[in-house]
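*Asks:* Dropping in start_24.txt, with compact mmCIF, C-alpha atoms.
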# COMPACT_ATOMS: atom_id res chain seq x y z
CA MET A 395 14.29 9.17 5.78
CA VAL A 396 15.45 6.84 2.99
CA ASN A 397 12.47 7.09 0.65
CA VAL A 398 13.18 10.30 -1.24
CA PHE A 399 9.52 10.72 -2.17
CA PHE A 400 8.42 10.56 1.46
CA ALA A 401 11.19 13.04 2.32
CA LEU A 402 10.15 15.40 -0.48
CA THR A 403 6.56 15.30 0.79
CA GLU A 404 7.78 16.43 4.18
CA GLU A 405 9.79 19.23 2.57
CA PHE A 406 6.82 20.45 0.53
CA ASN A 407 4.64 20.48 3.64
CA SER A 408 7.12 21.86 6.15
CA ASP A 409 5.28 25.21 6.36
CA GLY A 410 1.76 23.75 6.11
CA VAL A 411 0.16 20.97 4.14
CA ILE A 412 0.07 21.77 0.43
CA ALA A 413 0.86 18.40 -1.17
CA LEU A 414 -0.48 14.86 -0.77
CA LEU A 415 1.64 11.94 -1.86
CA ALA A 416 -0.35 9.85 -4.33
CA SER A 417 -0.33 6.87 -6.65
CA GLY A 418 2.58 4.42 -6.50
CA GLN A 419 4.41 5.92 -3.53
CA ALA A 420 1.15 6.06 -1.61
CA VAL A 421 0.82 2.35 -2.36
CA VAL A 422 4.25 1.91 -0.76
CA PHE A 423 3.08 3.97 2.24
CA TYR A 424 0.13 1.58 2.69
CA ARG A 425 2.56 -1.36 2.37
CA ILE A 426 0.75 -2.87 -0.59
CA ALA A 427 3.64 -3.12 -3.07
CA LEU A 428 6.89 -1.53 -4.25
CA MET A 429 5.59 -0.50 -7.64
CA SER A 430 6.62 2.96 -8.78
CA LYS A 431 9.96 4.63 -9.45
CA ASP A 432 8.41 8.07 -9.62
CA GLY A 433 6.59 10.32 -7.21
CA ASP A 434 3.38 12.15 -7.80
CA TRP A 435 1.50 14.55 -5.67
CA VAL A 436 -1.87 16.24 -5.50
CA LEU A 437 -1.09 19.88 -4.90
CA LYS A 438 -3.21 22.67 -3.49
CA GLU A 439 -4.25 24.90 -6.35
CA THR A 440 -2.61 28.11 -5.18
CA GLU A 441 0.25 30.23 -6.41
CA SER A 442 1.97 29.93 -3.03
CA ALA A 443 1.82 26.12 -3.13
CA CYS A 444 3.26 26.08 -6.64
CA ARG A 445 6.00 28.51 -5.60
CA ARG A 446 6.86 26.40 -2.56
CA VAL A 447 7.16 23.20 -4.60
CA ARG A 448 9.27 24.89 -7.27
CA SER A 449 11.54 26.24 -4.54
CA VAL A 450 12.05 22.80 -2.97
CA LEU A 451 12.65 21.21 -6.36
CA ALA A 452 15.12 23.95 -7.31
CA SER A 453 17.07 23.26 -4.12
CA HIS A 454 17.52 19.69 -5.37
CA GLY A 455 18.67 20.84 -8.79
CA ALA A 456 15.48 19.73 -10.52
CA ARG A 457 14.71 20.55 -14.13
CA TYR A 458 11.43 20.86 -15.92
CA ARG A 459 10.36 17.99 -18.13
CA PRO A 460 7.94 18.77 -20.96
CA GLY A 461 4.55 19.43 -19.43
CA ALA A 462 2.39 22.25 -18.14
CA PRO A 463 3.95 25.00 -16.04
CA LEU A 464 3.50 24.42 -12.31
CA ASP A 465 1.00 27.25 -12.14
CA PRO A 466 -2.60 27.23 -10.83
CA ARG A 467 -3.99 28.41 -14.16
CA TRP A 468 -3.06 25.18 -15.92
CA LEU A 469 -3.33 22.88 -12.93
CA ALA A 470 -6.96 24.02 -12.55
CA GLY A 471 -7.59 22.75 -16.07
CA GLY A 472 -6.40 19.27 -15.11
CA TRP A 473 -2.92 19.55 -16.62
CA SER A 474 0.10 17.91 -15.01
CA SER A 475 3.61 19.31 -14.40
CA HIS A 476 6.74 17.17 -14.54
CA PHE A 477 10.24 17.51 -13.10
CA GLU A 478 13.38 15.44 -12.72
CA PHE A 479 16.60 15.49 -10.73
CA PHE A 480 19.27 13.07 -9.59
CA ASP A 481 19.88 12.32 -5.93
CA ASP A 482 23.23 12.01 -4.22
CA LYS A 483 23.40 8.36 -5.31
CA LYS A 484 22.86 9.45 -8.95
CA ARG A 485 19.41 7.92 -9.00
CA ARG A 486 16.82 9.51 -11.22
CA ILE A 487 14.01 11.17 -9.29
CA ARG A 488 10.93 12.07 -11.30
CA CYS A 489 8.27 14.24 -9.71
CA ASP A 490 4.79 14.80 -11.14
CA PHE A 491 2.06 17.16 -9.93
CA VAL A 492 -1.64 17.73 -10.46
CA SER A 493 -4.21 19.72 -8.52
CA ARG A 494 -7.25 18.16 -10.22
CA PRO A 495 -6.68 14.42 -9.91
CA PRO A 496 -8.79 12.26 -12.21
CA ARG A 497 -12.12 10.94 -10.98
CA ILE A 498 -12.14 13.21 -7.93
CA PRO A 499 -14.92 15.83 -8.15
CA ALA A 500 -13.71 19.41 -7.74
CA ALA A 501 -16.04 19.85 -4.75
CA ASP A 502 -14.25 16.97 -3.00
CA LEU A 503 -10.73 18.38 -3.23
CA GLY A 504 -10.89 20.18 0.12
CA THR A 505 -12.13 17.02 1.83
CA MET A 506 -9.34 15.11 0.14
CA PHE A 507 -6.80 17.16 2.07
CA SER A 508 -8.62 16.83 5.40
CA ALA A 509 -9.02 13.05 4.89
CA ALA A 510 -5.33 12.51 4.10
CA ARG A 511 -3.43 9.92 6.10
CA GLY A 512 0.05 10.02 7.56
CA GLU A 513 1.69 11.95 10.33
CA GLY A 514 3.17 15.42 10.52
CA ALA A 515 4.27 16.69 7.15
CA LEU A 516 4.12 13.27 5.48
CA ARG A 517 0.58 13.42 4.14
CA VAL A 518 -0.81 10.77 1.82
CA VAL A 519 -4.02 10.44 -0.19
CA ASP A 520 -6.54 8.36 1.77
CA PRO A 521 -7.19 4.78 0.54
CA GLU A 522 -10.67 5.38 -0.92
CA ARG A 523 -9.61 8.28 -3.09
CA LEU A 524 -6.37 6.49 -3.93
CA VAL A 525 -8.48 3.69 -5.42
CA LEU A 526 -10.17 6.26 -7.67
CA LEU A 527 -6.79 7.64 -8.74
CA LYS A 528 -5.63 4.11 -9.58
CA GLN A 529 -8.57 3.43 -11.92
CA THR A 530 -6.29 4.08 -14.87
CA GLN A 531 -5.79 2.46 -18.26
CA ARG A 532 -2.93 0.33 -16.85
CA ALA A 533 -3.76 -3.27 -16.06
CA LYS A 534 -1.20 -3.39 -13.25
CA ASP A 535 -3.24 -0.94 -11.16
CA TYR A 536 -6.25 -3.23 -10.75
CA PRO A 537 -4.69 -5.90 -8.50
CA VAL A 538 -3.47 -3.02 -6.33
CA ILE A 539 -7.00 -1.62 -6.16
CA GLY A 540 -8.15 -4.99 -4.86
CA GLU A 541 -5.63 -4.80 -2.03
CA LEU A 542 -6.27 -1.11 -1.28
CA ALA A 543 -10.00 -1.77 -1.09
CA ARG A 544 -9.39 -4.18 1.80
CA LEU A 545 -8.44 -1.12 3.86
CA LEU A 546 -11.97 0.30 3.44
CA PRO A 547 -15.23 -0.26 5.34
CA PRO A 548 -17.20 -3.19 3.83
CA GLN A 549 -19.72 -1.15 1.84
CA SER A 550 -16.97 0.98 0.28
CA GLU A 551 -14.87 -2.10 -0.41
CA ARG A 552 -17.84 -3.72 -2.15
CA GLU A 553 -18.21 -0.71 -4.43
CA LEU A 554 -14.54 -0.48 -5.34
CA THR A 555 -12.82 -3.84 -5.08
CA THR A 556 -11.52 -5.65 -8.15
CA ASP A 557 -11.39 -9.00 -6.35
CA PRO A 558 -14.28 -11.23 -7.50
CA ASP A 559 -14.16 -13.33 -4.34
CA ARG A 560 -14.59 -10.23 -2.21
CA ILE A 561 -17.53 -9.12 -4.37
CA LEU A 562 -19.19 -12.51 -3.89
CA GLU A 563 -18.59 -12.39 -0.15
CA LEU A 564 -19.54 -8.74 0.41
CA ALA A 565 -22.66 -8.99 -1.76
CA ARG A 566 -24.14 -11.37 0.81
CA GLU A 567 -24.09 -8.65 3.44
CA PRO A 568 -27.27 -6.58 3.70
CA GLY A 569 -27.45 -2.87 3.25
CA GLY A 570 -27.10 -0.28 0.56
CA ASP A 571 -27.76 -0.28 -3.14
CA SER A 572 -24.91 -0.94 -5.49
CA ALA A 573 -24.13 0.76 -8.77
CA ARG A 574 -22.10 -2.23 -9.90
CA GLU A 575 -23.39 -4.90 -12.24
CA SER A 576 -21.00 -7.43 -10.70
CA VAL A 577 -22.46 -6.84 -7.22
CA ARG A 578 -26.00 -6.96 -8.54
CA LEU A 579 -25.36 -10.32 -10.20
CA ALA A 580 -23.70 -11.67 -7.07
CA ARG A 581 -26.71 -10.64 -5.00
CA LEU A 582 -28.99 -12.44 -7.43
CA GLY A 583 -27.01 -15.60 -6.80
CA ARG A 584 -25.66 -15.78 -10.35
CA SER A 585 -22.59 -17.87 -11.11
CA ARG A 586 -19.06 -16.84 -10.27
CA GLU A 587 -18.29 -16.84 -13.99
CA GLU A 588 -20.99 -14.25 -14.64
CA VAL A 589 -19.74 -12.08 -11.78
CA VAL A 590 -16.18 -12.29 -13.09
CA ALA A 591 -17.34 -11.36 -16.61
CA ALA A 592 -19.26 -8.36 -15.26
CA LEU A 593 -16.21 -7.28 -13.26
CA ALA A 594 -14.04 -7.52 -16.38
CA GLY A 595 -16.50 -5.29 -18.20
CA GLU A 596 -16.41 -2.74 -15.37
CA VAL A 597 -12.61 -2.64 -15.44
CA ASP A 598 -12.58 -2.32 -19.23
CA ARG A 599 -14.95 0.66 -19.07
CA LEU A 600 -12.74 2.35 -16.48
CA GLN A 601 -9.67 1.77 -18.64
CA ARG A 602 -11.33 3.14 -21.76
CA ALA A 603 -12.63 6.20 -19.92
CA ASP A 604 -9.15 6.96 -18.60
CA ARG A 605 -7.64 6.51 -22.05
CA ALA A 606 -10.21 8.83 -23.62
CA ARG A 607 -9.48 11.49 -21.00
CA MET A 608 -5.74 11.28 -21.68
CA GLN A 609 -6.25 11.53 -25.43
CA ARG A 610 -8.05 14.86 -25.06
CA TYR A 611 -5.03 16.28 -23.22
CA GLU A 612 -2.47 14.70 -25.51
CA GLY A 613 -4.18 16.16 -28.55
CA ALA A 614 -4.38 19.63 -27.01
CA ALA A 615 -0.72 19.54 -25.93
CA GLN A 616 1.03 18.39 -29.10
CA SER A 617 2.18 21.73 -30.52
CA TYR A 618 2.92 23.13 -27.05
CA LEU A 619 5.11 20.15 -26.15
CA ALA A 620 7.06 20.40 -29.40
CA GLU A 621 7.73 24.07 -28.75
CA PHE A 622 8.54 23.34 -25.10
CA ARG A 623 11.27 20.90 -26.12
CA ALA A 624 12.67 23.44 -28.54
CA THR A 625 12.60 26.56 -26.39
CA VAL A 626 12.48 25.91 -22.64
CA PRO A 627 16.06 26.06 -21.32
CA ILE A 628 16.09 23.00 -19.10
CA GLU A 629 19.69 23.63 -18.00
CA ALA A 630 18.72 27.07 -16.68
CA PRO A 631 17.69 27.66 -13.06
CA LEU A 632 14.24 26.27 -12.50
CA GLU A 633 12.54 29.66 -12.05
CA ASP A 634 14.03 30.89 -15.34
CA ALA A 635 12.79 27.79 -17.14
CA HIS A 636 9.43 28.25 -15.42
CA ALA A 637 9.11 31.80 -16.72
CA VAL A 638 9.78 30.63 -20.28
CA ALA A 639 7.30 27.75 -19.90
CA VAL A 640 4.61 30.13 -18.62
CA ARG A 641 5.09 32.51 -21.56
CA LEU A 642 4.90 29.59 -23.95
CA ALA A 643 1.82 28.13 -22.25
CA GLU A 644 0.06 31.50 -22.32
CA ARG A 645 0.40 31.37 -26.10
CA SER A 646 -0.34 27.73 -26.85
CA LEU A 647 -1.65 25.63 -23.94
CA PRO A 648 -5.37 26.02 -23.16
CA THR A 649 -6.09 26.50 -19.47
CA THR A 650 -9.38 24.65 -19.78
CA LEU A 651 -10.26 21.56 -21.73
CA GLU A 652 -13.81 20.42 -22.32
CA GLY A 653 -14.53 17.34 -20.24
CA GLY A 654 -11.04 17.38 -18.86
CA ALA A 655 -10.60 18.29 -15.25
CA SER A 656 -12.15 15.33 -13.43
CA MET B 979 -8.35 -14.39 -4.27
CA GLN B 980 -4.83 -13.16 -3.52
CA MET B 981 -4.02 -10.64 -6.25
CA LEU B 982 -0.43 -9.78 -5.34
CA SER B 983 2.53 -12.00 -4.54
CA GLU B 984 3.72 -13.07 -1.09
CA ASP B 985 6.76 -10.83 -1.62
CA ASP B 986 4.50 -7.82 -2.07
CA LEU B 987 2.26 -8.63 0.85
CA ASP B 988 5.20 -9.31 3.15
CA LEU B 989 5.69 -5.55 3.24
CA ARG B 990 3.02 -5.45 5.93
CA GLU B 991 5.14 -7.52 8.27
CA MET B 992 8.18 -5.24 7.99
CA THR B 993 9.21 -2.61 10.48
CA ASP B 994 9.49 0.95 9.18
CA GLU B 995 13.26 0.54 8.95
CA GLU B 996 12.99 -2.74 7.06
CA LEU B 997 10.51 -1.22 4.62
CA GLU B 998 12.80 1.75 4.00
CA ARG B 999 15.78 -0.53 3.34
CA ALA B 1000 13.71 -2.76 1.06
CA TRP B 1001 12.47 0.25 -0.88
CA ASP B 1002 15.98 1.68 -1.15
CA LEU B 1003 17.36 -1.58 -2.55
CA TRP B 1004 14.41 -1.91 -4.92
CA PHE B 1005 14.88 1.69 -6.09
CA ASP B 1006 18.60 1.06 -6.74
CA LEU B 1007 17.75 -1.96 -8.87
CA ALA B 1008 14.95 -0.13 -10.65
CA GLN B 1009 17.43 2.44 -11.99
CA SER B 1010 18.65 -0.19 -14.45
CA THR B 1011 15.51 0.25 -16.54
CA ASN B 1012 15.58 4.06 -16.68
CA ASP B 1013 16.38 4.22 -20.38
CA ALA B 1014 13.50 1.90 -21.22
CA ASP B 1015 10.90 3.64 -19.07
CA PRO B 1016 8.00 5.48 -20.68
CA PRO B 1017 8.41 9.25 -20.45
CA TYR B 1018 5.42 9.74 -18.16
CA SER B 1019 3.98 7.48 -15.50
CA HIS B 1020 1.52 9.95 -13.98
CA GLY B 1021 -0.54 12.87 -15.16
CA VAL B 1022 -2.36 13.60 -18.37
CA LEU B 1023 0.55 12.90 -20.74
CA THR B 1024 0.92 9.24 -19.75
CA GLY B 1025 0.00 7.97 -23.19
CA LEU B 1026 2.74 9.87 -25.01
CA GLU B 1027 5.54 7.76 -26.42
CA ARG B 1028 8.25 10.35 -26.02
Go ahead and render the structure in this file as C-alpha cells.
*Replies:*
Amino acid sequence: MVNVFFALTEEFNSDGVIALLASGQAVVFYRIALMSKDGDWVLKETESACRRVRSVLASHGARYRPGAPLDPRWLAGGWSSHFEFFDDKKRRIRCDFVSRPPRIPAADLGTMFSAARGEGALRVVDPERLVLLKQTQRAKDYPVIGELARLLPPQSERELTTDPDRILELAREPGGDSARESVRLARLGRSREEVVAALAGEVDRLQRADRARMQRYEGAAQSYLAEFRATVPIEAPLEDAHAVAVRLAERSLPTTLEGGAS
Amino acid sequence: MQMLSEDDLDLREMTDEELERAWDLWFDLAQSTNDADPPYSHGVLTGLER
C-alpha cells in the first residue's frame, strides 16, 4: 500500500480495531481531495491501544513531538499526542492521536467505532462524524464539508452541508425540523442572499467555537510544552521518551480541562 | 455550487491504483513545504506557532 497513513492504520489495527483514520487522510479515503500531509487517528481510550500504537510507531523509528503523552489519562481529557518519523523515501510522516475528538459526544465514541467505514484493518471515521471533526477554525475545511455532506442521507446533508445551493434544494423537501437558521430561511422562501448570509454566520460560529476550545488547551499546556522541549529526550527510544513525558505530565499537565473534552 | 476543483473531484474517477500513485506524487511534492508548515495540523495544539 503506497499511502503510508492507510498502511499505518492497518498496522495499528492488525490485532483488532483500535484506531480510526480521520481528518485529511479520511478525506483522501473518500476521494474528496488530496489535502493533508499528516495523519491523525481517533484511538480507543485504553492502555493496550496506546501501547500498541507506540509499539508500531517505535518500529518505524518515530519520535515524540511536544504534546501529551499517548496515555489514556490525558487522552480522556481531550489532549492530543504527536509523533514524527521519516519513511524510506526520507519523507516526513507526522502522526497525531486523540481519543476524544472534538464535537463528538463521549457517549457516541463506541458507536463511532462500529460506524467506521473501510475494509479489514483499514478503518476510517464515517462521513457524518468526519463532517463534525472538520468543523474547525480553518476556512479550507468548509468546502470539504460540503462535498462530504453529499455522501449523507438528505436530512443529514441538509443539517451539515456548507453548500448554499444544496441548502436551498434540500429545504424544499418535507420532513424534520432543522436547527439551522439558513435552512429555516430557505424554507420560508427568503432570498438566496439571506440564506448565504445565515450560512456564513453559522460557519463563523463554528470557527470561533473551535478556536475558543483550542485556546483553553493551549493556555493549559504552555509551561508543560516548554519543559517538554527542554527535558524529553526525543533521540531516545520511544518508550524511554514516553516514560519521561509521562512523569513530566503527571507534574504539570492537567488530565481534565473544564469544557474541554468534546 | 461546486466547491472544489475538477482536479480534486476527478479523484472519484480513479482506480485504487491511480489514486495511490496520485497521492504518492502529491506527497512527494508536498515535502517541499515542510519547513514552512505549522507545527500542528491536528489536535488541540493547532493554534500554536511553534
*Asks:* Per residue of chain B within 8 Å of chain A, note the shortest atom pair and the distance in Å to one decimal, counting all atoms listed in the file, and order the rows by chain and increasing residue number, as a tab-separated table.
*Replies:*
residue	atom	partner	partner_atom	distance
B:Met979	CA	A:Asp559	CA	5.9
B:Met981	CA	A:Pro537	CA	5.3
B:Leu982	CA	A:Pro537	CA	6.6
B:Asp986	CA	A:Ala427	CA	4.9
B:Leu987	CA	A:Ile426	CA	6.1
B:Leu989	CA	A:Arg425	CA	5.3
B:Arg990	CA	A:Arg425	CA	5.4
B:Glu998	CA	A:Val396	CA	5.8
B:Arg999	CA	A:Val396	CA	7.4
B:Trp1001	CA	A:Leu428	CA	6.8
B:Asp1002	CA	A:Val396	CA	6.6
B:Trp1004	CA	A:Leu428	CA	7.6
B:Phe1005	CA	A:Lys431	CA	6.6
B:Asp1006	CA	A:Arg485	CA	7.3
B:Ala1008	CA	A:Lys431	CA	7.0
B:Gln1009	CA	A:Arg485	CA	6.5
B:Asn1012	CA	A:Arg486	CA	7.8
B:Ser1019	CA	A:Asp432	CA	7.4
B:His1020	CA	A:Asp490	CA	6.5
B:Gly1021	CA	A:Ser474	CA	5.1
B:Val1022	CA	A:Met608	CA	5.3
B:Leu1023	CA	A:Glu612	CA	5.9
B:Thr1024	CA	A:Met608	CA	7.2
B:Gly1025	CA	A:Met608	CA	6.8
B:Leu1026	CA	A:Glu612	CA	7.1
*Asks:* Using CA of Pro627 in chain A and CA of Ala639 in chain A as the two end points, give the distance in Å to one decimal.
*Replies:*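 Rounded to one decimal, the two atoms are 9.0 Å apart.
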*Asks:* Which distance in Å separates CA of Glu575 in chain A and CA of Ala543 in chain A, to one decimal?
*Replies:*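 Separation between CA of Glu575 in chain A and CA of Ala543 in chain A: 17.7 Å.
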*Asks:* Take CA of Pro499 in chain A and CA of Ala573 in chain A and report the distance between them in Å, one decimal.
*Replies:*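 Going from CA of Pro499 in chain A over to CA of Ala573 in chain A covers 17.7 Å.
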*Asks:* How big is the axis-aligned box around the listed atoms of range 1019-1025 of chain B once 3 Å is added on each side, and where is its centre? Give both in Å to one decimal, as JSON.
*Replies:*
{"center_x": 0.8, "center_y": 10.5, "center_z": -18.6, "size_x": 12.3, "size_y": 12.1, "size_z": 15.2}
*Asks:* Do you know which residues are at most 9 Å from Leu402 in chain A counting all atoms listed in the file, after dropping those on the same chain fewer than 4 positions away, and could you put them as a PyMOL selection string?
*Replies:* chain A and resi 397-398+406-407+450-451+516
*Asks:* Which residues come within 6 Å of Val589 in chain A, counting all atoms listed in the file, excluding same-chain residues fewer than 3 positions away, as a JSON list (two decimals) with C-alpha atoms, keeping the file's coordinate frame?
*Replies:*
[["chain", "number", "residue", "atom", "x", "y", "z"],
["A", 576, "SER", "CA", -21.00, -7.43, -10.70],
["A", 586, "ARG", "CA", -19.06, -16.84, -10.27],
["A", 592, "ALA", "CA", -19.26, -8.36, -15.26]]
*Asks:* Using all atoms listed in the file, find the one residue out of A:Leu582, A:Pro466, A:Glu478, A:Gly455 that sits nearest to Tyr1018 in chain B.
*Replies:*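 Checking each candidate against Tyr1018 in chain B, we get A:Glu478 as the closest.
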